[in-house]
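Trainee: Input file: run08.pdb. Contents: PDB, C-alpha atoms and all ligand atoms.
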```
MODEL        1
ATOM      1  CA  MET A 544      56.013-127.238   2.271
ATOM      2  CA  ARG A 545      57.632-130.629   2.661
ATOM      3  CA  ILE A 546      57.476-133.152  -0.164
ATOM      4  CA  GLU A 547      58.350-136.737   0.446
ATOM      5  CA  LEU A 548      58.871-139.534  -2.051
ATOM      6  CA  GLU A 549      58.339-142.984  -0.549
ATOM      7  CA  ASN A 550      59.815-145.858  -2.500
ATOM      8  CA  VAL A 551      58.725-144.364  -5.832
ATOM      9  CA  ARG A 552      59.018-146.563  -8.900
ATOM     10  CA  HIS A 553      58.232-145.294 -12.359
ATOM     11  CA  VAL A 554      57.908-147.555 -15.368
ATOM     12  CA  TYR A 555      57.362-145.960 -18.790
ATOM     13  CA  ALA A 556      55.322-147.928 -21.344
ATOM     14  CA  PRO A 557      54.747-150.917 -19.054
ATOM     15  CA  GLY A 558      54.039-154.215 -20.736
ATOM     16  CA  THR A 559      55.373-153.078 -24.120
ATOM     17  CA  PRO A 560      58.713-153.764 -25.810
ATOM     18  CA  PHE A 561      59.622-150.143 -24.902
ATOM     19  CA  GLU A 562      59.206-150.654 -21.155
ATOM     20  CA  VAL A 563      61.769-148.653 -19.138
ATOM     21  CA  GLU A 564      62.053-148.668 -15.351
ATOM     22  CA  ALA A 565      63.191-145.071 -14.919
ATOM     23  CA  LEU A 566      62.896-144.915 -11.098
ATOM     24  CA  ARG A 567      63.578-148.022  -9.031
ATOM     25  CA  GLY A 568      62.307-147.240  -5.538
ATOM     26  CA  VAL A 569      63.359-143.668  -4.780
ATOM     27  CA  SER A 570      62.883-142.347  -1.242
ATOM     28  CA  LEU A 571      63.756-138.680  -0.774
ATOM     29  CA  ALA A 572      62.419-135.610   1.037
ATOM     30  CA  ILE A 573      62.397-132.001  -0.146
ATOM     31  CA  GLU A 574      62.601-130.012   3.069
ATOM     32  CA  PRO A 575      61.070-126.543   3.503
ATOM     33  CA  GLU A 576      63.389-123.663   2.660
ATOM     34  CA  GLU A 577      66.245-125.623   1.173
ATOM     35  CA  VAL A 578      68.042-125.793  -2.135
ATOM     36  CA  LEU A 579      68.283-129.449  -3.112
ATOM     37  CA  GLY A 580      70.633-130.212  -5.987
ATOM     38  CA  ILE A 581      69.873-133.334  -8.026
ATOM     39  CA  VAL A 582      72.769-134.661 -10.055
ATOM     40  CA  GLY A 583      73.430-137.843 -11.995
ATOM     41  CA  GLY A 584      74.317-139.073 -15.435
ATOM     42  CA  THR A 585      72.138-138.723 -18.485
ATOM     43  CA  GLY A 586      69.175-141.116 -18.294
ATOM     44  CA  SER A 587      69.581-141.615 -14.527
ATOM     45  CA  GLY A 588      65.983-140.501 -13.908
ATOM     46  CA  LYS A 589      66.330-136.857 -12.839
ATOM     47  CA  SER A 590      63.610-135.424 -15.090
ATOM     48  CA  THR A 591      61.334-138.356 -14.316
ATOM     49  CA  LEU A 592      61.829-137.798 -10.583
ATOM     50  CA  VAL A 593      61.049-134.072 -10.617
ATOM     51  CA  GLN A 594      57.858-134.560 -12.633
ATOM     52  CA  HIS A 595      56.531-136.597  -9.699
ATOM     53  CA  LEU A 596      56.795-133.548  -7.442
ATOM     54  CA  ASN A 597      53.787-131.826  -9.018
ATOM     55  CA  LEU A 598      51.759-134.778 -10.343
ATOM     56  CA  LEU A 599      52.813-134.480 -13.971
ATOM     57  CA  LEU A 600      53.758-138.125 -13.511
ATOM     58  CA  VAL A 601      52.295-140.533 -10.966
ATOM     59  CA  PRO A 602      54.313-143.357  -9.472
ATOM     60  CA  THR A 603      53.848-146.856 -10.842
ATOM     61  CA  SER A 604      54.194-147.824  -7.181
ATOM     62  CA  GLY A 605      55.171-145.959  -4.039
ATOM     63  CA  ARG A 606      53.809-142.615  -2.826
ATOM     64  CA  VAL A 607      54.425-138.876  -3.000
ATOM     65  CA  LEU A 608      53.368-136.960   0.109
ATOM     66  CA  VAL A 609      52.890-133.202   0.416
ATOM     67  CA  ASP A 610      52.928-132.102   4.047
ATOM     68  CA  GLY A 611      51.999-135.672   4.924
ATOM     69  CA  ALA A 612      49.060-135.974   2.499
ATOM     70  CA  ASP A 613      49.162-138.275  -0.538
ATOM     71  CA  VAL A 614      49.342-136.029  -3.641
ATOM     72  CA  ARG A 615      46.608-138.070  -5.253
ATOM     73  CA  THR A 616      44.191-136.474  -2.789
ATOM     74  CA  ILE A 617      45.196-132.964  -3.959
ATOM     75  CA  ARG A 618      43.855-131.369  -7.153
ATOM     76  CA  GLY A 619      46.498-131.287  -9.888
ATOM     77  CA  ARG A 620      45.952-127.648 -10.740
ATOM     78  CA  GLU A 621      46.218-126.549  -7.105
ATOM     79  CA  LEU A 622      49.422-128.514  -6.666
ATOM     80  CA  ARG A 623      50.986-127.118  -9.849
ATOM     81  CA  GLY A 624      50.475-123.617  -8.458
ATOM     82  CA  ARG A 625      52.302-124.581  -5.260
ATOM     83  CA  VAL A 626      55.067-126.620  -6.888
ATOM     84  CA  GLY A 627      56.297-124.755  -9.964
ATOM     85  CA  LEU A 628      58.199-126.876 -12.459
ATOM     86  CA  VAL A 629      60.442-125.355 -15.092
ATOM     87  CA  PHE A 630      61.138-128.013 -17.726
ATOM     88  CA  GLN A 631      64.439-128.760 -19.361
ATOM     89  CA  PHE A 632      64.622-126.217 -22.272
ATOM     90  CA  PRO A 633      61.437-124.428 -21.162
ATOM     91  CA  GLU A 634      61.752-121.797 -23.879
ATOM     92  CA  ALA A 635      60.212-124.324 -26.291
ATOM     93  CA  ALA A 636      56.858-123.759 -24.552
ATOM     94  CA  LEU A 637      56.658-119.953 -24.914
ATOM     95  CA  PHE A 638      53.546-119.134 -26.911
ATOM     96  CA  ALA A 639      51.944-115.722 -26.270
ATOM     97  CA  PRO A 640      52.326-112.666 -28.519
ATOM     98  CA  THR A 641      54.217-110.712 -25.851
ATOM     99  CA  VAL A 642      56.510-111.605 -22.970
ATOM    100  CA  GLU A 643      54.120-109.914 -20.546
ATOM    101  CA  GLU A 644      51.199-112.067 -21.735
ATOM    102  CA  ASP A 645      53.275-115.206 -21.568
ATOM    103  CA  VAL A 646      54.331-114.610 -17.968
ATOM    104  CA  ALA A 647      50.745-113.631 -17.025
ATOM    105  CA  PHE A 648      49.249-116.885 -18.337
ATOM    106  CA  ALA A 649      49.776-119.187 -15.340
ATOM    107  CA  PRO A 650      48.959-116.686 -12.532
ATOM    108  CA  ARG A 651      45.801-115.664 -14.415
ATOM    109  CA  ARG A 652      44.688-119.304 -14.418
ATOM    110  CA  LEU A 653      45.032-119.300 -10.625
ATOM    111  CA  GLY A 654      42.073-116.911 -10.610
ATOM    112  CA  LEU A 655      43.970-113.871  -9.301
ATOM    113  CA  SER A 656      42.749-110.324  -9.931
ATOM    114  CA  GLU A 657      44.186-108.512 -12.970
ATOM    115  CA  GLY A 658      45.941-106.086 -10.617
ATOM    116  CA  GLU A 659      47.650-108.922  -8.763
ATOM    117  CA  VAL A 660      48.590-110.663 -12.023
ATOM    118  CA  HIS A 661      50.109-107.424 -13.302
ATOM    119  CA  ARG A 662      52.034-106.934 -10.065
ATOM    120  CA  ARG A 663      53.441-110.456 -10.146
ATOM    121  CA  VAL A 664      54.433-110.207 -13.802
ATOM    122  CA  GLY A 665      56.325-106.982 -13.083
ATOM    123  CA  GLU A 666      57.972-108.431 -10.003
ATOM    124  CA  THR A 667      59.143-111.694 -11.561
ATOM    125  CA  LEU A 668      60.381-110.082 -14.761
ATOM    126  CA  GLY A 669      62.312-107.683 -12.512
ATOM    127  CA  LEU A 670      63.786-110.514 -10.435
ATOM    128  CA  LEU A 671      64.974-112.233 -13.604
ATOM    129  CA  GLY A 672      66.416-109.064 -15.095
ATOM    130  CA  ALA A 673      63.910-109.169 -17.950
ATOM    131  CA  SER A 674      61.700-106.106 -17.331
ATOM    132  CA  HIS A 675      62.935-104.478 -20.523
ATOM    133  CA  LEU A 676      61.598-107.420 -22.549
ATOM    134  CA  ALA A 677      57.969-107.103 -21.360
ATOM    135  CA  GLY A 678      56.505-105.795 -24.613
ATOM    136  CA  ARG A 679      58.595-107.924 -26.966
ATOM    137  CA  SER A 680      57.563-111.094 -28.770
ATOM    138  CA  PRO A 681      58.968-114.111 -26.905
ATOM    139  CA  PHE A 682      59.912-115.639 -30.259
ATOM    140  CA  ALA A 683      62.246-112.788 -31.156
ATOM    141  CA  LEU A 684      64.513-113.155 -28.112
ATOM    142  CA  SER A 685      67.930-114.714 -27.624
ATOM    143  CA  GLY A 686      68.154-118.154 -26.000
ATOM    144  CA  GLY A 687      69.164-116.718 -22.627
ATOM    145  CA  GLU A 688      66.406-114.103 -22.734
ATOM    146  CA  LYS A 689      63.844-116.792 -23.536
ATOM    147  CA  ARG A 690      65.077-118.879 -20.608
ATOM    148  CA  ARG A 691      64.626-115.933 -18.221
ATOM    149  CA  VAL A 692      61.087-115.335 -19.487
ATOM    150  CA  ALA A 693      60.145-119.017 -19.240
ATOM    151  CA  ILE A 694      61.352-119.164 -15.626
ATOM    152  CA  ALA A 695      59.484-115.932 -14.839
ATOM    153  CA  GLY A 696      56.285-117.571 -16.139
ATOM    154  CA  VAL A 697      56.519-120.280 -13.485
ATOM    155  CA  LEU A 698      57.728-117.982 -10.697
ATOM    156  CA  ALA A 699      54.772-115.652 -11.299
ATOM    157  CA  MET A 700      52.579-118.327  -9.696
ATOM    158  CA  ALA A 701      54.552-117.665  -6.481
ATOM    159  CA  PRO A 702      55.150-121.378  -5.896
ATOM    160  CA  GLU A 703      56.272-122.640  -2.480
ATOM    161  CA  VAL A 704      58.671-125.014  -4.214
ATOM    162  CA  LEU A 705      60.407-124.146  -7.473
ATOM    163  CA  VAL A 706      61.778-127.048  -9.494
ATOM    164  CA  LEU A 707      64.349-126.204 -12.149
ATOM    165  CA  ASP A 708      65.390-128.935 -14.585
ATOM    166  CA  GLU A 709      68.791-127.966 -16.021
ATOM    167  CA  PRO A 710      68.115-124.226 -15.777
ATOM    168  CA  THR A 711      71.568-123.095 -16.871
ATOM    169  CA  ALA A 712      72.243-125.595 -19.683
ATOM    170  CA  GLY A 713      73.605-123.747 -22.688
ATOM    171  CA  LEU A 714      73.694-120.314 -21.032
ATOM    172  CA  ASP A 715      76.637-117.906 -20.945
ATOM    173  CA  PRO A 716      78.488-117.490 -17.618
ATOM    174  CA  ALA A 717      76.900-114.126 -16.782
ATOM    175  CA  THR A 718      73.321-115.363 -17.301
ATOM    176  CA  ARG A 719      74.180-118.478 -15.327
ATOM    177  CA  GLU A 720      75.462-116.360 -12.417
ATOM    178  CA  ASP A 721      72.284-114.268 -12.552
ATOM    179  CA  LEU A 722      70.148-117.390 -12.336
ATOM    180  CA  LEU A 723      72.127-118.770  -9.414
ATOM    181  CA  GLY A 724      71.581-115.379  -7.745
ATOM    182  CA  VAL A 725      67.828-115.800  -8.258
ATOM    183  CA  VAL A 726      67.989-119.264  -6.666
ATOM    184  CA  ARG A 727      69.776-117.827  -3.627
ATOM    185  CA  ALA A 728      67.315-114.923  -3.366
ATOM    186  CA  LEU A 729      64.314-117.264  -3.500
ATOM    187  CA  ARG A 730      65.759-119.446  -0.794
ATOM    188  CA  GLU A 731      66.340-116.373   1.388
ATOM    189  CA  GLU A 732      62.652-115.532   0.969
ATOM    190  CA  GLY A 733      61.648-119.043   2.057
ATOM    191  CA  THR A 734      60.980-120.759  -1.279
ATOM    192  CA  SER A 735      62.461-124.260  -1.608
ATOM    193  CA  VAL A 736      64.333-124.865  -4.827
ATOM    194  CA  VAL A 737      65.033-128.217  -6.438
ATOM    195  CA  MET A 738      67.714-127.814  -9.065
ATOM    196  CA  VAL A 739      68.639-130.562 -11.493
ATOM    197  CA  SER A 740      72.034-129.952 -13.031
ATOM    198  CA  HIS A 741      74.901-131.626 -14.839
ATOM    199  CA  ASP A 742      77.191-128.879 -13.596
ATOM    200  CA  LEU A 743      78.574-130.032 -10.253
ATOM    201  CA  ASP A 744      80.394-126.729  -9.730
ATOM    202  CA  GLU A 745      77.181-124.744  -9.797
ATOM    203  CA  VAL A 746      75.399-127.260  -7.573
ATOM    204  CA  ALA A 747      78.301-126.868  -5.123
ATOM    205  CA  GLU A 748      77.693-123.106  -5.059
ATOM    206  CA  VAL A 749      73.980-123.110  -4.198
ATOM    207  CA  ALA A 750      72.868-126.455  -2.775
ATOM    208  CA  ASP A 751      72.120-127.062   0.921
ATOM    209  CA  ARG A 752      71.828-130.777   0.149
ATOM    210  CA  VAL A 753      72.718-132.922  -2.808
ATOM    211  CA  CYS A 754      71.084-136.076  -4.171
ATOM    212  CA  VAL A 755      72.999-138.293  -6.593
ATOM    213  CA  LEU A 756      70.841-140.459  -8.845
ATOM    214  CA  GLU A 757      72.260-143.449 -10.629
ATOM    215  CA  ASN A 758      70.302-145.732 -12.863
ATOM    216  CA  GLY A 759      66.974-144.774 -11.275
ATOM    217  CA  GLU A 760      68.198-145.115  -7.690
ATOM    218  CA  VAL A 761      69.452-142.705  -5.032
ATOM    219  CA  ARG A 762      73.144-143.400  -4.738
ATOM    220  CA  ALA A 763      73.782-140.729  -2.090
ATOM    221  CA  VAL A 764      71.937-137.872  -0.428
ATOM    222  CA  GLY A 765      73.102-135.391   2.186
ATOM    223  CA  ALA A 766      75.150-132.279   2.862
ATOM    224  CA  PRO A 767      77.345-131.298  -0.115
ATOM    225  CA  GLU A 768      80.606-131.921   1.782
ATOM    226  CA  GLU A 769      79.430-135.399   2.810
ATOM    227  CA  VAL A 770      78.276-136.424  -0.648
ATOM    228  CA  PHE A 771      81.027-134.810  -2.704
ATOM    229  CA  TYR A 772      83.955-135.985  -0.553
ATOM    230  CA  ALA A 773      82.558-139.524  -0.330
ATOM    231  CA  HIS A 774      81.948-139.957  -4.080
ATOM    232  CA  PRO A 775      85.018-139.036  -6.120
ATOM    233  CA  THR A 776      83.269-139.536  -9.448
ATOM    234  CA  THR A 777      80.604-137.007  -8.505
ATOM    235  CA  ALA A 778      82.666-134.089  -7.233
ATOM    236  CA  PRO A 779      82.955-130.440  -8.285
ATOM    237  CA  SER A 780      86.350-129.061  -9.249
ATOM    238  CA  THR A 781      86.857-127.498  -5.794
ATOM    239  CA  VAL A 782      86.613-130.934  -4.144
ATOM    240  CA  ARG A 783      88.868-132.517  -6.760
ATOM    241  CA  VAL A 784      91.539-129.925  -5.966
ATOM    242  CA  VAL A 785      91.268-130.308  -2.185
ATOM    243  CA  ARG A 786      90.898-134.086  -1.870
ATOM    244  CA  PRO A 787      94.565-135.007  -2.553
ATOM    245  CA  LEU A 788      95.678-132.380   0.003
ATOM    246  CA  ARG A 789      93.608-133.833   2.818
ATOM    247  CA  GLY A 790      95.999-136.724   3.553
ATOM    248  CA  PRO A 791      99.014-134.585   4.428
ATOM    249  CA  HIS A 792      96.900-131.584   5.561
ATOM    250  CA  PRO A 793      93.671-132.701   7.241
ATOM    251  CA  GLU A 794      93.301-129.160   8.618
ATOM    252  CA  VAL A 795      92.224-128.058   5.129
ATOM    253  CA  GLY A 796      88.768-129.469   6.017
ATOM    254  CA  ARG A 797      86.088-130.240   3.441
ATOM    255  CA  PRO A 798      85.360-126.984   1.623
ATOM    256  CA  VAL A 799      82.901-127.182  -1.247
ATOM    257  CA  ARG A 800      82.030-123.657  -2.393
ATOM    258  CA  PHE A 801      84.597-121.716  -4.383
ATOM    259  CA  GLU A 802      85.152-118.952  -1.810
ATOM    260  CA  GLU A 803      85.454-121.440   1.059
ATOM    261  CA  THR A 804      87.958-123.451  -0.934
ATOM    262  CA  LEU A 805      90.015-120.415  -1.765
ATOM    263  CA  ALA A 806      90.107-119.416   1.911
ATOM    264  CA  ALA A 807      91.121-122.941   2.965
ATOM    265  CA  LEU A 808      93.931-123.090   0.409
ATOM    266  CA  LYS A 809      95.118-119.627   1.390
ATOM    267  CA  GLY A 810      95.213-120.695   5.042
ATOM    268  CA  LEU A 811      97.259-123.730   4.114
ATOM    269  CA  LEU A 812      99.762-121.701   2.104
ATOM    270  CA  GLU A 813     100.118-119.039   4.776
ATOM    271  CA  GLY A 814     100.649-121.677   7.438
ATOM    272  CA  ARG A 815     103.591-123.050   5.501
ATOM    273  CA  VAL A 816     105.411-119.842   4.702
TER     274      VAL A 816
HETATM  275  N1  LIG B   1      58.408-140.306 -22.072
HETATM  276  C1  LIG B   1      59.224-141.363 -21.946
HETATM  277  N2  LIG B   1      58.881-142.571 -22.439
HETATM  278  C2  LIG B   1      59.680-143.648 -22.291
HETATM  279  N3  LIG B   1      60.874-143.628 -21.673
HETATM  280  C3  LIG B   1      61.273-142.454 -21.173
HETATM  281  C4  LIG B   1      60.482-141.266 -21.276
HETATM  282  N4  LIG B   1      61.145-140.243 -20.680
HETATM  283  C5  LIG B   1      62.298-140.775 -20.226
HETATM  284  N5  LIG B   1      62.384-142.095 -20.500
HETATM  285  C6  LIG B   1      63.469-143.026 -20.134
HETATM  286  O1  LIG B   1      63.592-143.020 -18.709
HETATM  287  C7  LIG B   1      64.949-142.984 -18.296
HETATM  288  C8  LIG B   1      65.217-141.750 -17.432
HETATM  289  O2  LIG B   1      65.014-140.597 -18.232
HETATM  290  P1  LIG B   1      65.084-139.118 -17.627
HETATM  291  O3  LIG B   1      64.616-138.197 -18.701
HETATM  292  O4  LIG B   1      64.342-139.091 -16.339
HETATM  293  O5  LIG B   1      66.653-138.976 -17.370
HETATM  294  P2  LIG B   1      67.519-137.696 -16.946
HETATM  295  O6  LIG B   1      68.327-138.095 -15.764
HETATM  296  O7  LIG B   1      66.654-136.506 -16.822
HETATM  297  O8  LIG B   1      68.513-137.547 -18.200
HETATM  298  P3  LIG B   1      69.159-136.198 -18.854
HETATM  299  O9  LIG B   1      70.302-135.825 -17.969
HETATM  300  O10 LIG B   1      69.624-136.701 -20.181
HETATM  301  O11 LIG B   1      68.098-135.147 -18.959
HETATM  302  C9  LIG B   1      65.779-143.034 -19.588
HETATM  303  O12 LIG B   1      66.140-144.350 -19.811
HETATM  304  C10 LIG B   1      64.811-142.546 -20.636
HETATM  305  O13 LIG B   1      65.117-143.118 -21.893
HETATM  306 MG    MG B   2      66.526-134.718 -17.853
ENDMDL
END
```
Output the file's structure in the form of structure tokens.
Mentor:
Amino acid sequence: MRIELENVRHVYAPGTPFEVEALRGVSLAIEPEEVLGIVGGTGSGKSTLVQHLNLLLVPTSGRVLVDGADVRTIRGRELRGRVGLVFQFPEAALFAPTVEEDVAFAPRRLGLSEGEVHRRVGETLGLLGASHLAGRSPFALSGGEKRRVAIAGVLAMAPEVLVLDEPTAGLDPATREDLLGVVRALREEGTSVVMVSHDLDEVAEVADRVCVLENGEVRAVGAPEEVFYAHPTTAPSTVRVVRPLRGPHPEVGRPVRFEETLAALKGLLEGRV
């Protein structure tokens, strides 16, 4: 699935004293089978943007196209099964008496058989390392456990595009690594992932492309090495380490991921000894 935003503007509370222009003409494509990282300061419009991808918000002007068709011609419920959105702090929306029931809720509403629902619940809880929680109350879990369950609830719809709004905020490093592993696994299987994050280091690890939002506009979009090396204020720690070395040692290249960076620095050191 390819989703395209064409000059999307979004104004909250238009015509009132609380009017806010949250998106000011955003054009951006989500390509099939990619991980797109969306970064930008607080209030830059990231959450507003991603809610346009599955019709939770409609543009004040501009268009959202899914495989070339205007989303307004597609039924909301159908689209929300194909584009799964995990909200910022999704654990707030857990509601069922058991984890299993909670994760089953959305796929059941897609009209799947009970056998298929059961299979998907088992599979997604397994993928998120939460199988052992199936019979527990979602309210009696730790924050990280709740996050896993909330993400499983969206993944159980088997969306073609998974949108994660700050999925790792407030999680411990091990849970964060697990979640990044899930993102990589989904991409391998052909699911596109849109990941909003304040953590540039984790975006550097998983993203195929990066979009930088600033004040409701796209400031930059492209391959991580292009975007991160061109915009010093929006760069992960790997890029901040390498950038000052590039003048005297252009052969160091433009590594972005941690392992790549380590290899480049090792090469540089070995060359000099
Ligand atoms: N429901 C709403 N009603 C009115 N204004 C809103 C609403 N939601 C967001 N805004 C405003 O729109 C702008 C963009 O907000 P948005 O939540 O999209 O930012 P964000 O980039 O996700 O920020 P953060 O990193 O803090 O989550 C902000 O100025 C915000 O105050
Ligand atoms: Mg947000």
Trainee: Choose the residue, out of A:Arg727, A:Arg606, A:His741, A:Arg786, that has the smallest atom-to-atom separation from ligand LIG 1 (chain B); count all atoms listed in the file.
Mentor: A:His741
Trainee: Could you expand the PyMOL selection byres (((not hetatm)) within 9 of (chain B and resi 1)) into the explicit residues it covers here, written as a JSON list (two decimals) with C-alpha atoms, keeping the file's coordinate frame?
Mentor:
```json
[["chain", "number", "residue", "atom", "x", "y", "z"],
["A", 553, "HIS", "CA", 58.23, -145.29, -12.36],
["A", 554, "VAL", "CA", 57.91, -147.56, -15.37],
["A", 555, "TYR", "CA", 57.36, -145.96, -18.79],
["A", 556, "ALA", "CA", 55.32, -147.93, -21.34],
["A", 561, "PHE", "CA", 59.62, -150.14, -24.90],
["A", 562, "GLU", "CA", 59.21, -150.65, -21.16],
["A", 563, "VAL", "CA", 61.77, -148.65, -19.14],
["A", 564, "GLU", "CA", 62.05, -148.67, -15.35],
["A", 565, "ALA", "CA", 63.19, -145.07, -14.92],
["A", 566, "LEU", "CA", 62.90, -144.92, -11.10],
["A", 582, "VAL", "CA", 72.77, -134.66, -10.06],
["A", 583, "GLY", "CA", 73.43, -137.84, -12.00],
["A", 584, "GLY", "CA", 74.32, -139.07, -15.44],
["A", 585, "THR", "CA", 72.14, -138.72, -18.48],
["A", 586, "GLY", "CA", 69.18, -141.12, -18.29],
["A", 587, "SER", "CA", 69.58, -141.62, -14.53],
["A", 588, "GLY", "CA", 65.98, -140.50, -13.91],
["A", 589, "LYS", "CA", 66.33, -136.86, -12.84],
["A", 590, "SER", "CA", 63.61, -135.42, -15.09],
["A", 591, "THR", "CA", 61.33, -138.36, -14.32],
["A", 592, "LEU", "CA", 61.83, -137.80, -10.58],
["A", 593, "VAL", "CA", 61.05, -134.07, -10.62],
["A", 594, "GLN", "CA", 57.86, -134.56, -12.63],
["A", 631, "GLN", "CA", 64.44, -128.76, -19.36],
["A", 708, "ASP", "CA", 65.39, -128.94, -14.58],
["A", 709, "GLU", "CA", 68.79, -127.97, -16.02],
["A", 739, "VAL", "CA", 68.64, -130.56, -11.49],
["A", 740, "SER", "CA", 72.03, -129.95, -13.03],
["A", 741, "HIS", "CA", 74.90, -131.63, -14.84],
["A", 756, "LEU", "CA", 70.84, -140.46, -8.85],
["A", 757, "GLU", "CA", 72.26, -143.45, -10.63],
["A", 758, "ASN", "CA", 70.30, -145.73, -12.86],
["A", 759, "GLY", "CA", 66.97, -144.77, -11.28]]
```
Trainee: Could you spell out the hits of the PyMOL selection byres (((chain A and resi 595) around 12) and not hetatm) on the shown file, as a ChimeraX atom specification?
Mentor: /A:546-549,551-553,565-566,569,571,588-594,596-609,613-615,619,622-623,626-628,706
Trainee: For a test of reading the model, state the distance in Å between CA of Pro716 in chain A and CA of Gly686 in chain A, rounded to one decimal.
Mentor: 13.3 Å
Trainee: For each of A:Met738, A:Leu723, A:Val664, A:Val578, take the minimum atom-to-atom distance to ligand MG 2 (chain B), counting all atoms listed in the file, then give the residue where this is smallest.
Mentor: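 Smallest separation from ligand MG 2 (chain B) among the options: A:Met738.
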Trainee: At what distance in Å, to one decimal, does CA of Val782 in chain A lie from CA of Val795 in chain A?
Mentor: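 The value is 11.2 Å.
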Trainee: So which residues get picked by the PyMOL selection byres (((chain A and resi 724) around 12) and not hetatm) here, written as number ranges by chain?
Mentor: A: 670-672, 711, 717-723, 725-731, 745, 748-749
Trainee: Could you state the separation of CA of His675 in chain A and CA of Val736 in chain A in Å, given to one decimal place?
Mentor: 25.8 Å
Trainee: Would you please work out which residue, of A:Pro650, A:Gly696, A:Leu637, A:Val761, is nearest to Gly568 in chain A when using only C-alpha atoms?
Mentor: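 Under the stated criterion, the closest residue is A:Val761.
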Trainee: Looking at A:Ala695, A:Ile573, A:Leu707, A:Leu684, which one is nearest to ligand MG 2 (chain B), with distances taken over all atoms listed in the file?
Mentor: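 Ranked by minimum distance to ligand MG 2 (chain B), first place goes to A:Leu707.
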Trainee: With the input short on atoms, add N, CA and C atoms back to range 664-679 of chain A and write it as a PDB file, in the frame of the given file.
Mentor:
```
ATOM      1  N   VAL A 664      53.683-110.171 -12.536  1.00  0.00           N
ATOM      2  CA  VAL A 664      54.433-110.207 -13.802  1.00  0.00           C
ATOM      3  C   VAL A 664      55.591-109.202 -13.714  1.00  0.00           C
ATOM      4  N   GLY A 665      55.279-108.000 -13.208  1.00  0.00           N
ATOM      5  CA  GLY A 665      56.325-106.982 -13.083  1.00  0.00           C
ATOM      6  C   GLY A 665      57.426-107.428 -12.137  1.00  0.00           C
ATOM      7  N   GLU A 666      57.003-108.023 -11.022  1.00  0.00           N
ATOM      8  CA  GLU A 666      57.972-108.431 -10.003  1.00  0.00           C
ATOM      9  C   GLU A 666      58.883-109.555 -10.502  1.00  0.00           C
ATOM     10  N   THR A 667      58.305-110.559 -11.138  1.00  0.00           N
ATOM     11  CA  THR A 667      59.143-111.694 -11.561  1.00  0.00           C
ATOM     12  C   THR A 667      60.028-111.318 -12.737  1.00  0.00           C
ATOM     13  N   LEU A 668      59.506-110.516 -13.661  1.00  0.00           N
ATOM     14  CA  LEU A 668      60.381-110.082 -14.761  1.00  0.00           C
ATOM     15  C   LEU A 668      61.545-109.274 -14.183  1.00  0.00           C
ATOM     16  N   GLY A 669      61.256-108.464 -13.157  1.00  0.00           N
ATOM     17  CA  GLY A 669      62.312-107.683 -12.512  1.00  0.00           C
ATOM     18  C   GLY A 669      63.351-108.586 -11.865  1.00  0.00           C
ATOM     19  N   LEU A 670      62.879-109.595 -11.130  1.00  0.00           N
ATOM     20  CA  LEU A 670      63.786-110.514 -10.435  1.00  0.00           C
ATOM     21  C   LEU A 670      64.707-111.220 -11.433  1.00  0.00           C
ATOM     22  N   LEU A 671      64.183-111.513 -12.605  1.00  0.00           N
ATOM     23  CA  LEU A 671      64.974-112.233 -13.604  1.00  0.00           C
ATOM     24  C   LEU A 671      65.710-111.302 -14.560  1.00  0.00           C
ATOM     25  N   GLY A 672      65.687-110.016 -14.253  1.00  0.00           N
ATOM     26  CA  GLY A 672      66.416-109.064 -15.095  1.00  0.00           C
ATOM     27  C   GLY A 672      65.847-108.995 -16.504  1.00  0.00           C
ATOM     28  N   ALA A 673      64.517-109.118 -16.616  1.00  0.00           N
ATOM     29  CA  ALA A 673      63.910-109.169 -17.950  1.00  0.00           C
ATOM     30  C   ALA A 673      62.807-108.129 -18.135  1.00  0.00           C
ATOM     31  N   SER A 674      62.778-107.108 -17.253  1.00  0.00           N
ATOM     32  CA  SER A 674      61.700-106.106 -17.331  1.00  0.00           C
ATOM     33  C   SER A 674      61.666-105.427 -18.696  1.00  0.00           C
ATOM     34  N   HIS A 675      62.865-105.201 -19.248  1.00  0.00           N
ATOM     35  CA  HIS A 675      62.935-104.478 -20.523  1.00  0.00           C
ATOM     36  C   HIS A 675      62.376-105.289 -21.699  1.00  0.00           C
ATOM     37  N   LEU A 676      62.086-106.578 -21.456  1.00  0.00           N
ATOM     38  CA  LEU A 676      61.598-107.420 -22.549  1.00  0.00           C
ATOM     39  C   LEU A 676      60.071-107.499 -22.575  1.00  0.00           C
ATOM     40  N   ALA A 677      59.405-106.875 -21.583  1.00  0.00           N
ATOM     41  CA  ALA A 677      57.969-107.103 -21.360  1.00  0.00           C
ATOM     42  C   ALA A 677      57.111-106.987 -22.621  1.00  0.00           C
ATOM     43  N   GLY A 678      57.373-106.007 -23.456  1.00  0.00           N
ATOM     44  CA  GLY A 678      56.505-105.795 -24.613  1.00  0.00           C
ATOM     45  C   GLY A 678      56.953-106.538 -25.863  1.00  0.00           C
ATOM     46  N   ARG A 679      58.046-107.262 -25.775  1.00  0.00           N
ATOM     47  CA  ARG A 679      58.595-107.924 -26.966  1.00  0.00           C
ATOM     48  C   ARG A 679      57.895-109.261 -27.238  1.00  0.00           C
TER      49      ARG A 679
END
```
